[in-house]
Amino acid sequence: MRYLLSHRTTYTYQSTVTVSHHLARLAPRSLPSQRCPWHVIDISPTPVGKSVQSDIYGNITTYFECEGAHSKLEVTARSLVEVTPTKLPHPDETPPWETVRNACSSESLDPSSEAGAFRFASPLVPTAKEFADYAKADFSPSRPILQATQALMQRIFTDCEFNPTATDISTPVSQVLRQKAGVCQDFAHLMLACLRSLGLPARYVSGYLETTPPPGQAKLIGSDASHAWVSVFCGEEIGWIDADPTNNLLPNERHITLAWGRDFSDVSPLRGVTLGTGSQSLSVQVDVTPEPDDL
């Protein structure tokens with residue numbers, strides 16, 4: 001599948017801002033199953049300085065500075081992305097989850113131990129007994145890791161209600177577990193907390209999901225939104241496999257990967273510091289448009 005992406009972020013400031021510094025993670029990653037032939041970022045007002053580099057996780061970041069009085073900042077990222085199907089192993093043929101856990105606690109510098117860096121708590125994802133207890137029903141002794149991961153993903157999907165008013169960016173994962181409600185970011189953080197509390201490496205993935213409108217209705221502009229899911233390390237031979245607890249599926253052609261890290265704080269699409277006073281309002285519009293393959 002080929003997609004045209006447009007991600008527009010607009011900050012409107014209550015009072016004039018004179019200087020602002022920002023870091024954007026808006027460039028889709030290049031992966032074996034995903035290619036990004038072109039990507040551009042338009043910024044208004046025009047920045048006085050701009051640089052592109054990779055962060056510690058290999059995500060492409062764009063740093064920019066704006067000087068001079070301005071009351072609005074608009075950042076529009078546009079990309080062409082090609083996503084190809086990924087062949088996944090049969091869940092029953094993946095190694096026991098304890099085998100992966102033990103390999104990732106090794107002190108040797110092999111792919112498994114490097115993945116082990118994602119076993120630990122992070123700023124927004126704690127590890128605790130309550131998360132391990134919730135996951136244990138699915139992670140029975142010697143169960144294949146992908147089979148267990150799918151079971152946990154399905155239980156979060158079944159137990160939790162998608163409710164945009166139930167949480168905000170500051171809602172702790174323990175509260176999400178108690179109230180069983182939230183949005184994709186909350187469900188990804190909850191699944192990460194469960195997996196890491198069992199000693200398994202798992203990372204937070206940000207990106208986009210091409211949505212399908214109801215039959216007979218036109219696709220609404222801006223109806224697509226930033227999405228979040230998780231990626232679980234399933235052993236050195238298999239590598240990482242994505243899982244989407246919000247939709248109870250293993251991502252494939254309709255998921256577009258933007259960035260990954262320990263949690264949302266590592267992959268925020270746009271963050272910054274401004275010199276000025278007063279409040280600000282934020283507007284985000286994301287469009288994911290499928291394109292014919294022969295273009």
# chains A, B, ... in the order shown; residues from 1 in each chain; ligands from 1
call {"tool": "closest_atom_pairs", "arguments": {"of": "stretch 232-273 of chain A", "to": "stretch 61-79 of chain A", "cutoff": "12 Å", "atoms": "only C-alpha atoms", "output": "Markdown table"}}
result
| residue | atom | partner | partner_atom | distance |
| --- | --- | --- | --- | --- |
| A:Ile256 | CA | A:Ser79 | CA | 11.1 |
| A:Leu258 | CA | A:Thr61 | CA | 10.8 |
| A:Ala259 | CA | A:Thr61 | CA | 9.7 |
| A:Trp260 | CA | A:Thr61 | CA | 12.0 |
| A:Asp266 | CA | A:Thr61 | CA | 11.2 |
| A:Val267 | CA | A:Thr61 | CA | 9.6 |
| A:Ser268 | CA | A:Thr61 | CA | 10.5 |
| A:Pro269 | CA | A:Thr61 | CA | 9.2 |
| A:Leu270 | CA | A:Val75 | CA | 8.9 |
| A:Arg271 | CA | A:Tyr63 | CA | 9.9 |
| A:Gly272 | CA | A:Tyr63 | CA | 9.4 |
| A:Val273 | CA | A:Glu65 | CA | 9.7 |
call {"tool": "select_by_dssp", "arguments": {"residues": "stretch 67-282 of chain A", "states": "alpha helix (DSSP H)", "output": "PyMOL selection string"}}
result
chain A and resi 97-103+111-115+129-136+145-159+173-179+184-197+264-267
call {"tool": "closest_residue", "arguments": {"among": "A:Ala135, A:Ile60, A:Thr16, A:Glu291", "to": "A:Leu200", "atoms": "only C-alpha atoms"}}
result
A:Ala135
call {"tool": "select_by_dssp", "arguments": {"residues": "stretch 16-163 of chain A", "states": "strand (DSSP E or B)", "output": "ChimeraX atom specification"}}
result
/A:16-24,31,34-44,49-54,60-83,96,122,125,144,161-162
call {"tool": "closest_residue", "arguments": {"among": "A:Cys234, A:Leu249, A:Met1, A:Ala148", "to": "A:Val100", "atoms": "only C-alpha atoms"}}
result
A:Cys234
call {"tool": "residues_around", "arguments": {"residues": "A:His7", "least_positions_apart": "3", "cutoff": "12 Å", "atoms": "only C-alpha atoms", "output": "number ranges by chain"}}
result
A: 4, 10, 24-28, 39-43, 74-80, 207-208, 221-226, 258, 269-270, 283-289
call {"tool": "write_last_selection", "arguments": {"atoms": "N, CA and C atoms", "output": "JSON list (two decimals), in the first residue's frame"}}
result
[["chain", "number", "residue", "atom", "x", "y", "z"],
["A", 4, "LEU", "N", -0.28, 8.82, 1.16],
["A", 4, "LEU", "CA", 0.14, 10.20, 1.32],
["A", 4, "LEU", "C", -0.26, 10.62, 2.73],
["A", 10, "THR", "N", -0.89, 23.00, 14.89],
["A", 10, "THR", "CA", -0.99, 24.45, 15.01],
["A", 10, "THR", "C", -1.08, 24.84, 16.48],
["A", 24, "ALA", "N", 10.85, 17.99, 16.55],
["A", 24, "ALA", "CA", 9.78, 17.24, 15.88],
["A", 24, "ALA", "C", 10.25, 15.83, 15.55],
["A", 25, "ARG", "N", 9.36, 14.88, 15.74],
["A", 25, "ARG", "CA", 9.57, 13.50, 15.27],
["A", 25, "ARG", "C", 8.39, 13.17, 14.36],
["A", 26, "LEU", "N", 8.50, 13.56, 13.12],
["A", 26, "LEU", "CA", 7.38, 13.47, 12.18],
["A", 26, "LEU", "C", 7.76, 12.75, 10.89],
["A", 27, "ALA", "N", 8.97, 12.21, 10.82],
["A", 27, "ALA", "CA", 9.41, 11.50, 9.62],
["A", 27, "ALA", "C", 9.20, 10.00, 9.80],
["A", 28, "PRO", "N", 8.44, 9.34, 8.92],
["A", 28, "PRO", "CA", 8.25, 7.89, 9.03],
["A", 28, "PRO", "C", 9.59, 7.15, 8.95],
["A", 39, "HIS", "N", 9.85, 13.07, 2.17],
["A", 39, "HIS", "CA", 9.28, 13.64, 3.39],
["A", 39, "HIS", "C", 9.71, 15.09, 3.49],
["A", 40, "VAL", "N", 8.77, 16.00, 3.74],
["A", 40, "VAL", "CA", 9.09, 17.42, 3.89],
["A", 40, "VAL", "C", 8.34, 17.97, 5.11],
["A", 41, "ILE", "N", 8.93, 18.98, 5.73],
["A", 41, "ILE", "CA", 8.29, 19.70, 6.83],
["A", 41, "ILE", "C", 8.25, 21.18, 6.49],
["A", 42, "ASP", "N", 7.07, 21.76, 6.50],
["A", 42, "ASP", "CA", 6.89, 23.20, 6.30],
["A", 42, "ASP", "C", 6.61, 23.84, 7.66],
["A", 43, "ILE", "N", 7.32, 24.93, 7.97],
["A", 43, "ILE", "CA", 7.21, 25.57, 9.27],
["A", 43, "ILE", "C", 6.92, 27.05, 9.07],
["A", 74, "GLU", "N", 2.77, 26.97, 13.01],
["A", 74, "GLU", "CA", 2.15, 25.91, 12.23],
["A", 74, "GLU", "C", 3.24, 25.04, 11.62],
["A", 75, "VAL", "N", 3.16, 23.75, 11.91],
["A", 75, "VAL", "CA", 4.12, 22.78, 11.40],
["A", 75, "VAL", "C", 3.37, 21.72, 10.62],
["A", 76, "THR", "N", 3.68, 21.57, 9.34],
["A", 76, "THR", "CA", 3.00, 20.60, 8.49],
["A", 76, "THR", "C", 4.03, 19.63, 7.92],
["A", 77, "ALA", "N", 3.87, 18.36, 8.26],
["A", 77, "ALA", "CA", 4.74, 17.31, 7.73],
["A", 77, "ALA", "C", 3.97, 16.53, 6.68],
["A", 78, "ARG", "N", 4.59, 16.36, 5.52],
["A", 78, "ARG", "CA", 3.98, 15.60, 4.43],
["A", 78, "ARG", "C", 4.95, 14.51, 3.98],
["A", 79, "SER", "N", 4.40, 13.31, 3.75],
["A", 79, "SER", "CA", 5.25, 12.17, 3.40],
["A", 79, "SER", "C", 4.53, 11.25, 2.44],
["A", 80, "LEU", "N", 5.33, 10.54, 1.65],
["A", 80, "LEU", "CA", 4.84, 9.42, 0.86],
["A", 80, "LEU", "C", 5.44, 8.17, 1.48],
["A", 207, "GLY", "N", 2.57, 6.14, 15.37],
["A", 207, "GLY", "CA", 2.40, 6.15, 13.93],
["A", 207, "GLY", "C", 0.99, 6.51, 13.55],
["A", 208, "TYR", "N", 0.55, 5.96, 12.43],
["A", 208, "TYR", "CA", -0.76, 6.27, 11.90],
["A", 208, "TYR", "C", -1.48, 4.99, 11.49],
["A", 221, "ILE", "N", -12.02, 14.37, 6.01],
["A", 221, "ILE", "CA", -10.68, 14.94, 6.08],
["A", 221, "ILE", "C", -10.33, 15.18, 7.55],
["A", 222, "GLY", "N", -9.18, 14.70, 7.94],
["A", 222, "GLY", "CA", -8.78, 14.87, 9.33],
["A", 222, "GLY", "C", -9.30, 13.78, 10.25],
["A", 223, "SER", "N", -9.98, 12.78, 9.70],
["A", 223, "SER", "CA", -10.55, 11.73, 10.55],
["A", 223, "SER", "C", -9.47, 10.78, 11.06],
["A", 224, "ASP", "N", -8.37, 10.67, 10.34],
["A", 224, "ASP", "CA", -7.26, 9.85, 10.81],
["A", 224, "ASP", "C", -6.51, 10.61, 11.89],
["A", 225, "ALA", "N", -5.97, 9.88, 12.84],
["A", 225, "ALA", "CA", -5.26, 10.51, 13.95],
["A", 225, "ALA", "C", -3.98, 9.76, 14.23],
["A", 226, "SER", "N", -3.11, 10.39, 15.00],
["A", 226, "SER", "CA", -1.92, 9.69, 15.45],
["A", 226, "SER", "C", -2.36, 8.47, 16.25],
["A", 258, "LEU", "N", 5.96, 5.61, 12.72],
["A", 258, "LEU", "CA", 6.62, 6.91, 12.75],
["A", 258, "LEU", "C", 7.89, 6.85, 13.60],
["A", 269, "PRO", "N", 5.38, 13.74, 18.87],
["A", 269, "PRO", "CA", 5.56, 14.27, 17.52],
["A", 269, "PRO", "C", 6.16, 15.68, 17.49],
["A", 270, "LEU", "N", 5.78, 16.52, 18.48],
["A", 270, "LEU", "CA", 6.30, 17.89, 18.49],
["A", 270, "LEU", "C", 6.28, 18.41, 19.92],
["A", 283, "SER", "N", -4.03, 22.49, 17.98],
["A", 283, "SER", "CA", -4.89, 21.83, 17.00],
["A", 283, "SER", "C", -4.04, 20.90, 16.16],
["A", 284, "VAL", "N", -4.50, 19.64, 16.01],
["A", 284, "VAL", "CA", -3.78, 18.65, 15.22],
["A", 284, "VAL", "C", -4.72, 18.05, 14.19],
["A", 285, "GLN", "N", -4.27, 17.99, 12.94],
["A", 285, "GLN", "CA", -5.05, 17.40, 11.86],
["A", 285, "GLN", "C", -4.16, 16.41, 11.12],
["A", 286, "VAL", "N", -4.60, 15.16, 11.06],
["A", 286, "VAL", "CA", -3.84, 14.11, 10.39],
["A", 286, "VAL", "C", -4.69, 13.50, 9.29],
["A", 287, "ASP", "N", -4.12, 13.38, 8.11],
["A", 287, "ASP", "CA", -4.80, 12.73, 6.99],
["A", 287, "ASP", "C", -3.91, 11.63, 6.44],
["A", 288, "VAL", "N", -4.48, 10.44, 6.28],
["A", 288, "VAL", "CA", -3.80, 9.29, 5.69],
["A", 288, "VAL", "C", -4.59, 8.88, 4.46],
["A", 289, "THR", "N", -4.03, 9.14, 3.29],
["A", 289, "THR", "CA", -4.77, 8.91, 2.04],
["A", 289, "THR", "C", -4.11, 7.81, 1.22]]
